[in-house]
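Asker: Would you mind keeping the following structure in view while I ask a few things?
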Amino acid sequence: MEDCIDIYEIKTNKNLKYMKKNKTIVVYTVGTFDLLHVGHLALLKYCRTLGDVVAVGVASDQVVNSYKPNVPVIPLEERMEMLEALRCVDIVRPYHELEYVSACKEIKPDIFIIGEDWGDKPHNKAVESYLKSIGSKIVQVNYNPKTSSTKIKQMTISQSSRREYIVQKKLKKNIKRLTAGQTN
């Protein structure tokens, strides 16, 4: 956890207190949100249909490194900036440790959205227990099978490799043609 609180977080916390006083339904979800795509948008739009305020927790690069084989392509600050630009998102906050209870204590979500890959790791069980104790609802959603940041990365690498292969093939063909021309 970071030692200092920036002005944005202070403003966010005040907004959350105001919203809770006025019976606003707060929906909270967490994730990496690397290479923002239509699957992310569908999730966030769905969150909007469930409540009045959508809060998004964004995993820092260090957190992602602790449970995924690849680091995000897009730096944390830029991922947050893209999410902040979306109309369906009201609050964006980073998380620097793989635990969700502290953020949920601040945000006090009425609904916590989890993905199909949620699993039963200790940090997941801890937040589930906390949310149940405060009467929050946990909603599990399926991901869009057509797209993911991982699939986009794999396709990009595949296309890059194919392009490189084609360039190498053309280069060999041209070298062969030039070499054949010199021997005559």
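Simple scheme: letters A, B, ... for chains in structure tokens order, numbers from 1 for residues in each chain, numbers from 1 for ligands in the order shown.
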What are the closest atom pairs, with distances in Å to one decimal, for each residue of stretch 96-129 of chain A lying within 6 Å of stretch 22-40 of chain A, using only C-alpha atoms, rows by chain and rising residue number, as CSV?
Answerer:
```
residue,atom,partner,partner_atom,distance
A:Pro109,CA,A:Val26,CA,4.9
A:Asp110,CA,A:Val26,CA,5.3
A:Ile111,CA,A:Val27,CA,4.8
A:Phe112,CA,A:Tyr28,CA,4.9
A:Ile113,CA,A:Thr29,CA,4.9
```
Asker: Atoms to include: N, CA and C atoms. Write the selected residues as a PDB file, in the first residue's frame.
Answerer:
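That gives us part35.pdb:
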```pdb
ATOM      1  N   PRO A 109     -19.006  -1.378  -1.404  1.00  0.00           N
ATOM      2  CA  PRO A 109     -19.875  -1.657  -2.551  1.00  0.00           C
ATOM      3  C   PRO A 109     -21.125  -2.427  -2.154  1.00  0.00           C
ATOM      4  N   ASP A 110     -22.204  -2.114  -2.833  1.00  0.00           N
ATOM      5  CA  ASP A 110     -23.431  -2.883  -2.668  1.00  0.00           C
ATOM      6  C   ASP A 110     -23.322  -4.165  -3.490  1.00  0.00           C
ATOM      7  N   ILE A 111     -22.612  -4.046  -4.622  1.00  0.00           N
ATOM      8  CA  ILE A 111     -22.428  -5.179  -5.532  1.00  0.00           C
ATOM      9  C   ILE A 111     -20.952  -5.247  -5.926  1.00  0.00           C
ATOM     10  N   PHE A 112     -20.383  -6.428  -5.834  1.00  0.00           N
ATOM     11  CA  PHE A 112     -18.993  -6.662  -6.227  1.00  0.00           C
ATOM     12  C   PHE A 112     -19.021  -7.634  -7.402  1.00  0.00           C
ATOM     13  N   ILE A 113     -18.465  -7.232  -8.524  1.00  0.00           N
ATOM     14  CA  ILE A 113     -18.487  -8.038  -9.742  1.00  0.00           C
ATOM     15  C   ILE A 113     -17.170  -8.798  -9.866  1.00  0.00           C
TER      16      ILE A 113
END
```
Asker: What are the DSSP helix (DSSP H, G or I) residues of stretch 16-140 of chain A, as a PyMOL selection string?
Answerer: chain A and resi 16-21+38-50+61-67+76-84+101-107+122-133
Asker: Check the smallest atom-to-atom distance from each of A:Pro75, A:Gly119, A:Gly57, A:Pro69 to A:Cys104 using only C-alpha atoms, then report the winner.
Answerer: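 Distance minimum relative to A:Cys104 lands on A:Gly57.
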Asker: Give me the residues within 10 Å of A:Val64 as number ranges by chain, counting only C-alpha atoms and dropping any in the same chain fewer than 4 places off.
Answerer: A: 31-32, 58-60, 68-72, 96-98
Asker: May I ask for the distance between atom CA of A:Asp61 and atom CA of A:Ile107, given in Å to one decimal place?
Answerer: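 Between atom CA of A:Asp61 and atom CA of A:Ile107 the gap is 22.1 Å.
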Asker: Please, what distance in Å, to one decimal, runs between atom CA of A:Trp118 and atom CA of A:Cys88?
Answerer: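 Rounded to one decimal, the two atoms are 22.8 Å apart.
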Asker: Which residues, written as a list of chain:residue names, have at least one atom at most 8 Å from A:Tyr100, with only C-alpha atoms counted and residues fewer than 4 positions away on the same chain left out?
Answerer: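 Non-adjacent residues within range: A:Cys104, A:His123, A:Asn124, A:Val127.
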Asker: Restrict the selected residues to C-alpha atoms and save them as a PDB file, in the first residue's frame.
Answerer:
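Dumped to part_26.pdb:
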```pdb
ATOM      1  CA  CYS A 104     -14.066  -2.612  -0.143  1.00  0.00           C
ATOM      2  CA  HIS A 123      -7.371 -13.072  -0.991  1.00  0.00           C
ATOM      3  CA  ASN A 124     -10.583 -13.920  -2.872  1.00  0.00           C
ATOM      4  CA  VAL A 127     -13.088 -10.328   0.363  1.00  0.00           C
TER       5      VAL A 127
END
```
Asker: Using only C-alpha atoms, find the one residue out of A:Asp117, A:Pro94, A:Tyr67, A:Leu50 that sits nearest to A:Arg79.
Answerer: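 Going through A:Asp117, A:Pro94, A:Tyr67, A:Leu50 one by one, the smallest distance to A:Arg79 is for A:Pro94.
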Asker: Please indicate the distance in Å from atom CA of A:Lys137 to atom CA of A:Leu41, rounded to one decimal place.
Answerer: 21.5 Å
